[in-house]
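Colleague: For reference, this is protein27.pdb, and it has PDB, C-alpha atoms.
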```
ATOM      1  CA  MET A  19      41.294  77.387  -9.384
ATOM      2  CA  LEU A  20      42.917  75.194  -6.731
ATOM      3  CA  SER A  21      46.040  76.643  -5.174
ATOM      4  CA  SER A  22      49.314  74.816  -5.724
ATOM      5  CA  GLU A  23      49.341  74.040  -1.993
ATOM      6  CA  LEU A  24      45.980  72.244  -2.182
ATOM      7  CA  THR A  25      46.922  70.468  -5.392
ATOM      8  CA  ASN A  26      50.160  69.266  -3.814
ATOM      9  CA  MET A  27      48.212  68.115  -0.745
ATOM     10  CA  VAL A  28      45.940  65.964  -2.907
ATOM     11  CA  ASP A  29      48.839  64.555  -4.908
ATOM     12  CA  ALA A  30      50.758  63.734  -1.708
ATOM     13  CA  ALA A  31      47.774  61.689  -0.498
ATOM     14  CA  ARG A  32      48.146  59.279  -3.418
ATOM     15  CA  LYS A  33      50.424  57.110  -1.337
ATOM     16  CA  HIS A  34      47.378  56.311   0.816
ATOM     17  CA  GLY A  35      44.855  56.207  -2.018
ATOM     18  CA  TRP A  36      42.587  58.664  -0.226
ATOM     19  CA  VAL A  37      42.702  62.060   1.467
ATOM     20  CA  LEU A  38      42.808  62.112   5.267
ATOM     21  CA  GLU A  39      39.655  63.681   6.672
ATOM     22  CA  PRO A  40      41.160  66.871   8.132
ATOM     23  CA  GLU A  41      42.813  67.573   4.790
ATOM     24  CA  ALA A  42      39.558  66.764   2.956
ATOM     25  CA  LEU A  43      37.705  69.226   5.189
ATOM     26  CA  ARG A  44      40.368  71.836   4.574
ATOM     27  CA  LEU A  45      40.055  71.310   0.813
ATOM     28  CA  LEU A  46      36.276  71.665   0.961
ATOM     29  CA  ALA A  47      36.432  74.813   3.091
ATOM     30  CA  ALA A  48      38.983  76.439   0.781
ATOM     31  CA  THR A  49      36.661  75.962  -2.187
ATOM     32  CA  GLY A  50      33.506  77.299  -0.551
ATOM     33  CA  VAL A  51      31.902  74.089   0.739
ATOM     34  CA  PRO A  52      30.843  74.715   4.373
ATOM     35  CA  VAL A  53      32.451  72.531   7.048
ATOM     36  CA  PRO A  54      32.172  72.615  10.842
ATOM     37  CA  ARG A  55      34.626  74.357  13.095
ATOM     38  CA  PHE A  56      37.312  71.723  13.525
ATOM     39  CA  ALA A  57      40.936  71.120  14.414
ATOM     40  CA  TRP A  58      43.441  68.374  13.664
ATOM     41  CA  ALA A  59      45.014  67.785  17.054
ATOM     42  CA  LYS A  60      48.163  65.676  17.249
ATOM     43  CA  SER A  61      48.581  65.439  21.024
ATOM     44  CA  LYS A  62      46.304  65.097  24.007
ATOM     45  CA  ALA A  63      47.012  68.683  25.054
ATOM     46  CA  GLU A  64      46.120  69.966  21.566
ATOM     47  CA  THR A  65      42.964  67.859  21.569
ATOM     48  CA  LEU A  66      41.753  69.303  24.854
ATOM     49  CA  ALA A  67      42.677  72.852  23.877
ATOM     50  CA  SER A  68      40.905  72.533  20.533
ATOM     51  CA  ALA A  69      37.733  71.231  22.151
ATOM     52  CA  ALA A  70      37.757  74.056  24.680
ATOM     53  CA  ALA A  71      38.068  76.602  21.863
ATOM     54  CA  ILE A  72      35.295  74.993  19.795
ATOM     55  CA  GLY A  73      33.001  74.418  22.771
ATOM     56  CA  TYR A  74      31.570  71.198  24.203
ATOM     57  CA  PRO A  75      29.968  68.896  23.249
ATOM     58  CA  VAL A  76      32.252  67.937  20.377
ATOM     59  CA  VAL A  77      32.761  65.099  17.939
ATOM     60  CA  ALA A  78      36.098  63.268  18.081
ATOM     61  CA  LYS A  79      37.342  61.191  15.133
ATOM     62  CA  VAL A  80      40.573  59.277  14.720
ATOM     63  CA  VAL A  81      42.998  60.320  11.980
ATOM     64  CA  SER A  82      44.937  57.426  10.476
ATOM     65  CA  PRO A  83      45.907  56.504   6.906
ATOM     66  CA  GLN A  84      45.189  52.915   7.935
ATOM     67  CA  VAL A  85      41.618  53.639   9.071
ATOM     68  CA  MET A  86      39.345  54.756   6.251
ATOM     69  CA  HIS A  87      36.127  53.415   7.775
ATOM     70  CA  LYS A  88      36.353  54.894  11.239
ATOM     71  CA  SER A  89      33.120  53.435  12.573
ATOM     72  CA  ASP A  90      34.447  49.906  11.931
ATOM     73  CA  VAL A  91      37.086  50.416  14.637
ATOM     74  CA  GLN A  92      34.980  52.643  16.914
ATOM     75  CA  GLY A  93      37.035  55.587  15.733
ATOM     76  CA  VAL A  94      34.187  58.117  15.977
ATOM     77  CA  GLN A  95      32.838  59.497  19.241
ATOM     78  CA  PRO A  96      30.001  62.042  18.958
ATOM     79  CA  GLY A  97      28.687  64.119  21.826
ATOM     80  CA  VAL A  98      31.833  64.180  23.964
ATOM     81  CA  PRO A  99      30.654  66.313  26.909
ATOM     82  CA  ASP A 100      33.851  67.424  28.634
ATOM     83  CA  GLY A 101      37.628  67.243  28.838
ATOM     84  CA  GLU A 102      37.718  64.207  31.115
ATOM     85  CA  CYS A 103      35.743  62.129  28.608
ATOM     86  CA  LEU A 104      37.727  63.506  25.696
ATOM     87  CA  ALA A 105      41.024  62.511  27.316
ATOM     88  CA  LYS A 106      39.758  58.925  27.574
ATOM     89  CA  VAL A 107      38.648  58.976  23.946
ATOM     90  CA  TYR A 108      42.080  60.249  22.915
ATOM     91  CA  ASP A 109      43.798  57.430  24.811
ATOM     92  CA  ARG A 110      41.578  54.861  23.085
ATOM     93  CA  PHE A 111      42.173  56.331  19.638
ATOM     94  CA  ARG A 112      45.918  56.431  20.219
ATOM     95  CA  GLY A 113      45.920  52.626  20.301
ATOM     96  CA  LEU A 114      44.479  52.338  16.789
ATOM     97  CA  PRO A 115      46.834  51.438  13.908
ATOM     98  CA  GLY A 116      48.605  54.296  12.159
ATOM     99  CA  PHE A 117      47.367  56.919  14.648
ATOM    100  CA  GLU A 118      48.130  60.469  13.442
ATOM    101  CA  GLY A 119      45.905  62.495  15.720
ATOM    102  CA  VAL A 120      42.283  63.402  16.298
ATOM    103  CA  VAL A 121      39.784  65.564  14.450
ATOM    104  CA  VAL A 122      37.853  67.591  17.012
ATOM    105  CA  ALA A 123      34.750  69.219  15.540
ATOM    106  CA  GLU A 124      31.612  71.018  16.583
ATOM    107  CA  MET A 125      28.379  69.051  16.858
ATOM    108  CA  LEU A 126      25.919  69.690  14.038
ATOM    109  CA  SER A 127      22.179  69.207  13.779
ATOM    110  CA  GLY A 128      19.504  69.186  11.102
ATOM    111  CA  HIS A 129      18.290  66.892   8.341
ATOM    112  CA  GLU A 130      20.952  64.449   7.197
ATOM    113  CA  LEU A 131      21.743  64.424   3.485
ATOM    114  CA  ILE A 132      24.350  62.658   1.409
ATOM    115  CA  VAL A 133      26.264  64.441  -1.331
ATOM    116  CA  GLY A 134      28.700  62.642  -3.558
ATOM    117  CA  ALA A 135      30.572  62.521  -6.809
ATOM    118  CA  LYS A 136      31.927  59.782  -9.010
ATOM    119  CA  VAL A 137      33.881  59.963 -12.227
ATOM    120  CA  ASP A 138      32.130  57.783 -14.793
ATOM    121  CA  PHE A 139      34.431  56.453 -17.516
ATOM    122  CA  GLN A 140      31.845  57.314 -20.178
ATOM    123  CA  PHE A 141      30.057  60.443 -18.907
ATOM    124  CA  GLY A 142      32.677  62.065 -16.683
ATOM    125  CA  PRO A 143      31.904  63.562 -13.232
ATOM    126  CA  VAL A 144      28.443  62.768 -11.859
ATOM    127  CA  ILE A 145      27.030  64.488  -8.748
ATOM    128  CA  LEU A 146      24.666  62.772  -6.297
ATOM    129  CA  LEU A 147      22.266  64.241  -3.739
ATOM    130  CA  GLY A 148      20.093  62.187  -1.440
ATOM    131  CA  ILE A 149      18.580  61.575   1.956
ATOM    132  CA  GLY A 150      21.614  60.601   4.008
ATOM    133  CA  GLY A 151      22.809  59.398   7.381
ATOM    134  CA  THR A 152      22.473  55.799   8.490
ATOM    135  CA  ALA A 153      19.251  55.369   6.469
ATOM    136  CA  VAL A 154      20.840  56.031   3.080
ATOM    137  CA  GLU A 155      21.372  52.341   2.303
ATOM    138  CA  ILE A 156      17.804  51.505   3.318
ATOM    139  CA  TYR A 157      15.859  54.184   1.483
ATOM    140  CA  LYS A 158      18.242  54.658  -1.466
ATOM    141  CA  ASP A 159      16.562  57.996  -2.083
ATOM    142  CA  THR A 160      19.027  59.791  -4.346
ATOM    143  CA  ALA A 161      19.175  61.837  -7.538
ATOM    144  CA  THR A 162      22.137  62.321  -9.874
ATOM    145  CA  ARG A 163      23.137  64.870 -12.477
ATOM    146  CA  MET A 164      26.214  65.354 -14.633
ATOM    147  CA  ALA A 165      28.673  68.021 -13.543
ATOM    148  CA  PRO A 166      29.040  70.938 -13.696
ATOM    149  CA  LEU A 167      25.773  71.735 -11.932
ATOM    150  CA  LYS A 168      23.639  74.813 -12.367
ATOM    151  CA  ALA A 169      21.118  76.078  -9.826
ATOM    152  CA  ARG A 170      18.243  74.599 -11.838
ATOM    153  CA  ASP A 171      19.934  71.178 -11.643
ATOM    154  CA  VAL A 172      19.962  71.310  -7.859
ATOM    155  CA  GLU A 173      16.293  72.298  -7.851
ATOM    156  CA  SER A 174      15.507  69.364 -10.133
ATOM    157  CA  MET A 175      17.445  66.938  -7.919
ATOM    158  CA  LEU A 176      15.521  68.062  -4.849
ATOM    159  CA  THR A 177      12.220  67.643  -6.675
ATOM    160  CA  CYS A 178      13.160  64.070  -7.643
ATOM    161  CA  LEU A 179      13.762  62.940  -4.053
ATOM    162  CA  ARG A 180      10.901  60.980  -2.506
ATOM    163  CA  GLY A 181      11.804  62.609   0.796
ATOM    164  CA  SER A 182      11.856  66.149  -0.598
ATOM    165  CA  ARG A 183       8.950  67.190   1.641
ATOM    166  CA  LEU A 184      11.189  66.543   4.649
ATOM    167  CA  LEU A 185      13.449  69.293   3.332
ATOM    168  CA  THR A 186      10.799  71.807   2.306
ATOM    169  CA  GLY A 187       8.819  71.608   5.562
ATOM    170  CA  HIS A 188       6.411  68.882   6.679
ATOM    171  CA  ARG A 189       4.075  68.512   9.675
ATOM    172  CA  GLY A 190       5.681  71.133  11.818
ATOM    173  CA  PHE A 191       9.279  70.448  10.793
ATOM    174  CA  ALA A 192      11.054  73.541   9.502
ATOM    175  CA  ALA A 193      12.320  73.644   5.931
ATOM    176  CA  VAL A 194      16.038  73.533   5.337
ATOM    177  CA  ASN A 195      17.818  76.556   3.889
ATOM    178  CA  ILE A 196      17.427  75.740   0.192
ATOM    179  CA  PRO A 197      19.531  78.713  -1.054
ATOM    180  CA  LYS A 198      22.459  77.639   1.143
ATOM    181  CA  LEU A 199      22.030  74.011   0.093
ATOM    182  CA  THR A 200      22.094  75.129  -3.536
ATOM    183  CA  LYS A 201      25.180  77.274  -2.970
ATOM    184  CA  MET A 202      26.925  74.336  -1.284
ATOM    185  CA  MET A 203      26.049  71.988  -4.154
ATOM    186  CA  LEU A 204      27.372  74.428  -6.760
ATOM    187  CA  ALA A 205      30.623  74.917  -4.827
ATOM    188  CA  PHE A 206      31.003  71.149  -4.528
ATOM    189  CA  SER A 207      30.375  70.728  -8.265
ATOM    190  CA  ASN A 208      33.091  73.287  -9.001
ATOM    191  CA  LEU A 209      35.511  71.417  -6.735
ATOM    192  CA  VAL A 210      34.770  68.143  -8.512
ATOM    193  CA  MET A 211      35.461  69.772 -11.857
ATOM    194  CA  GLU A 212      38.721  71.256 -10.534
ATOM    195  CA  LEU A 213      39.916  67.899  -9.216
ATOM    196  CA  GLY A 214      39.006  66.202 -12.478
ATOM    197  CA  ASP A 215      40.677  62.860 -13.067
ATOM    198  CA  ARG A 216      42.583  63.034  -9.786
ATOM    199  CA  ILE A 217      39.571  61.549  -7.982
ATOM    200  CA  GLU A 218      37.653  58.305  -8.151
ATOM    201  CA  SER A 219      34.826  59.371  -5.843
ATOM    202  CA  ILE A 220      33.858  61.759  -3.054
ATOM    203  CA  ASP A 221      31.350  61.005  -0.299
ATOM    204  CA  LEU A 222      30.027  63.708   1.995
ATOM    205  CA  ASN A 223      27.841  61.884   4.506
ATOM    206  CA  PRO A 224      26.226  63.191   6.493
ATOM    207  CA  VAL A 225      25.630  66.749   5.395
ATOM    208  CA  PHE A 226      23.509  68.459   8.050
ATOM    209  CA  CYS A 227      20.967  70.946   6.714
ATOM    210  CA  SER A 228      18.854  73.174   8.940
ATOM    211  CA  PRO A 229      16.947  76.448   8.451
ATOM    212  CA  GLU A 230      20.216  78.283   9.156
ATOM    213  CA  ARG A 231      22.959  76.367   7.387
ATOM    214  CA  CYS A 232      24.079  73.330   5.380
ATOM    215  CA  THR A 233      27.361  71.879   6.594
ATOM    216  CA  VAL A 234      29.450  68.818   5.742
ATOM    217  CA  ALA A 235      30.043  66.660   8.819
ATOM    218  CA  ASP A 236      32.142  63.907   7.258
ATOM    219  CA  ALA A 237      34.158  63.731   4.033
ATOM    220  CA  ARG A 238      35.847  60.900   2.186
ATOM    221  CA  ILE A 239      37.827  61.534  -1.004
ATOM    222  CA  LEU A 240      39.094  58.472  -2.887
ATOM    223  CA  LEU A 241      41.826  59.154  -5.420
ATOM    224  CA  ALA A 242      42.033  57.628  -8.867
ATOM    225  CA  PRO A 243      44.810  55.091  -9.398
ATOM    226  CA  GLN A 244      47.869  56.487 -11.090
ATOM    227  CA  GLY A 245      48.197  55.458 -14.702
TER     228      GLY A 245
END
```
Mind converting the file's structure to structure tokens?

Modeller:
Amino acid sequence: MLSSELTNMVDAARKHGWVLEPEALRLLAATGVPVPRFAWAKSKAETLASAAAIGYPVVAKVVSPQVMHKSDVQGVQPGVPDGECLAKVYDRFRGLPGFEGVVVAEMLSGHELIVGAKVDFQFGPVILLGIGGTAVEIYKDTATRMAPLKARDVESMLTCLRGSRLLTGHRGFAAVNIPKLTKMMLAFSNLVMELGDRIESIDLNPVFCSPERCTVADARILLAPQG
């Protein structure tokens, strides 16, 4: 059950039509979906302090209700090596429209997956799992199931992916942690069911999966129009 604080946070985001990324990450974390160590820094001093606490290198991403697609405005900077570079990134982000701070997050590694959800007008919530990252639009290697998911559904989705051997170990590449991937998918399915008709879609891309963990690197939650 979502807390009233989280529910109010989602409802307050309706004025934008989508949930700002730091709030989306907070929502995911509160419902058991793993996210990286991150901070929403609203000043240069906070940005530098957050990065020092997380540990370099870090990813820096602009926070703005006017910038949904951050890469379109060069609002994402991975692999920031030190405070001097981060200060320059902050200054550049501050010039973007609607600037409300910076997400500073740990760097992740592993196989890139995409996880998503969409509310179909006929079938209700549908969950997607696929090979993600920048190649998702090229390979279109995805599987879908109706929510709520069970563990056997996640297993079936993995089996349906053409790239499943990349995840289970292939030519010297280690297998991802399937139990943790399954646990993440079930937690995400529960969140989708909790949000219900508040959402239009959710995109988690990329999700980095390694032998140790499966963690959401980027989250976008689009809210359903108010009736």

Colleague: Taking (9.6, 72.3, 8.0) in the file's own coordinates, collect the residues within 12 Å, counting only C-alpha atoms, and hand them back as a tab-separated table (two decimals) with C-alpha atoms, keeping the file's coordinate frame.

Modeller:
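Everything below was put into point.tsv:
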```tsv
chain	number	residue	atom	x	y	z
A	128	GLY	CA	19.50	69.19	11.10
A	129	HIS	CA	18.29	66.89	8.34
A	182	SER	CA	11.86	66.15	-0.60
A	183	ARG	CA	8.95	67.19	1.64
A	184	LEU	CA	11.19	66.54	4.65
A	185	LEU	CA	13.45	69.29	3.33
A	186	THR	CA	10.80	71.81	2.31
A	187	GLY	CA	8.82	71.61	5.56
A	188	HIS	CA	6.41	68.88	6.68
A	189	ARG	CA	4.08	68.51	9.68
A	190	GLY	CA	5.68	71.13	11.82
A	191	PHE	CA	9.28	70.45	10.79
A	192	ALA	CA	11.05	73.54	9.50
A	193	ALA	CA	12.32	73.64	5.93
A	194	VAL	CA	16.04	73.53	5.34
A	195	ASN	CA	17.82	76.56	3.89
A	196	ILE	CA	17.43	75.74	0.19
A	227	CYS	CA	20.97	70.95	6.71
A	228	SER	CA	18.85	73.17	8.94
A	229	PRO	CA	16.95	76.45	8.45
```

Colleague: Would you kindly return, as number ranges by chain, each protein, DNA or RNA residue with an atom no farther than 10 Å from any atom of Gly181 of chain A, considering all atoms listed in the file and excluding same-chain residues fewer than 4 positions away?

Modeller: A: 148-149, 157, 159-160, 176-177, 185-186

Colleague: Could those residues be written to a file, using C-alpha atoms, as a compact mmCIF listing (two decimals), keeping the file's coordinate frame?

Modeller:
```txt
# COMPACT_ATOMS: atom_id res chain seq x y z
CA GLY A 148 20.09 62.19 -1.44
CA ILE A 149 18.58 61.58 1.96
CA TYR A 157 15.86 54.18 1.48
CA ASP A 159 16.56 58.00 -2.08
CA THR A 160 19.03 59.79 -4.35
CA LEU A 176 15.52 68.06 -4.85
CA THR A 177 12.22 67.64 -6.68
CA LEU A 185 13.45 69.29 3.33
CA THR A 186 10.80 71.81 2.31
```

Colleague: Here's the selection I'm unsure about, the PyMOL selection byres ((chain A and resi 239) around 6); applied to the file above, which residues does it give, as JSON, numbers by chain?

Modeller: {"A": [36, 37, 220, 238, 240]}

Colleague: Return the padded bounding box of segment 78-81 of chain A as lines of an AutoDock Vina configuration file: axis-aligned, built from all atoms listed in the file, 4 Å added on each side, with centre and edge lengths in Å to one decimal.

Modeller:
```
center_x = 39.5
center_y = 61.3
center_z = 15.0
size_x = 14.9
size_y = 12.0
size_z = 14.1
```

Colleague: Using the chain letters and numbers from the file, which residues does the PyMOL selection byres ((chain A and resi 234) around 10) grab, as number ranges by chain?

Modeller: A: 43, 46-47, 51-54, 126, 130-133, 202, 222-227, 232-233, 235-237

Colleague: Can you list, as number ranges by chain, every protein, DNA or RNA residue that comes within 8 Å of Met211 of chain A when you count all atoms listed in the file, leaving out same-chain residues fewer than 2 positions away?

Modeller: A: 143, 165-166, 207-209, 213-214

Colleague: Considering all atoms listed in the file, return as a PyMOL selection string whatever protein or nucleic-acid residues lie within 6 Å of Glu218 of chain A, sequence-local ones (same chain, fewer than 3 positions apart) excluded.

Modeller: chain A and resi 136-137+240-242

Colleague: May I have the residues from that selection written out with C-alpha atoms, as a PDB file, in the coordinates of the input?

Modeller:
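What follows is the written file part39.pdb:
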```pdb
ATOM      1  CA  LYS A 136      31.927  59.782  -9.010  1.00  0.00           C
ATOM      2  CA  VAL A 137      33.881  59.963 -12.227  1.00  0.00           C
ATOM      3  CA  LEU A 240      39.094  58.472  -2.887  1.00  0.00           C
ATOM      4  CA  LEU A 241      41.826  59.154  -5.420  1.00  0.00           C
ATOM      5  CA  ALA A 242      42.033  57.628  -8.867  1.00  0.00           C
TER       6      ALA A 242
END
```
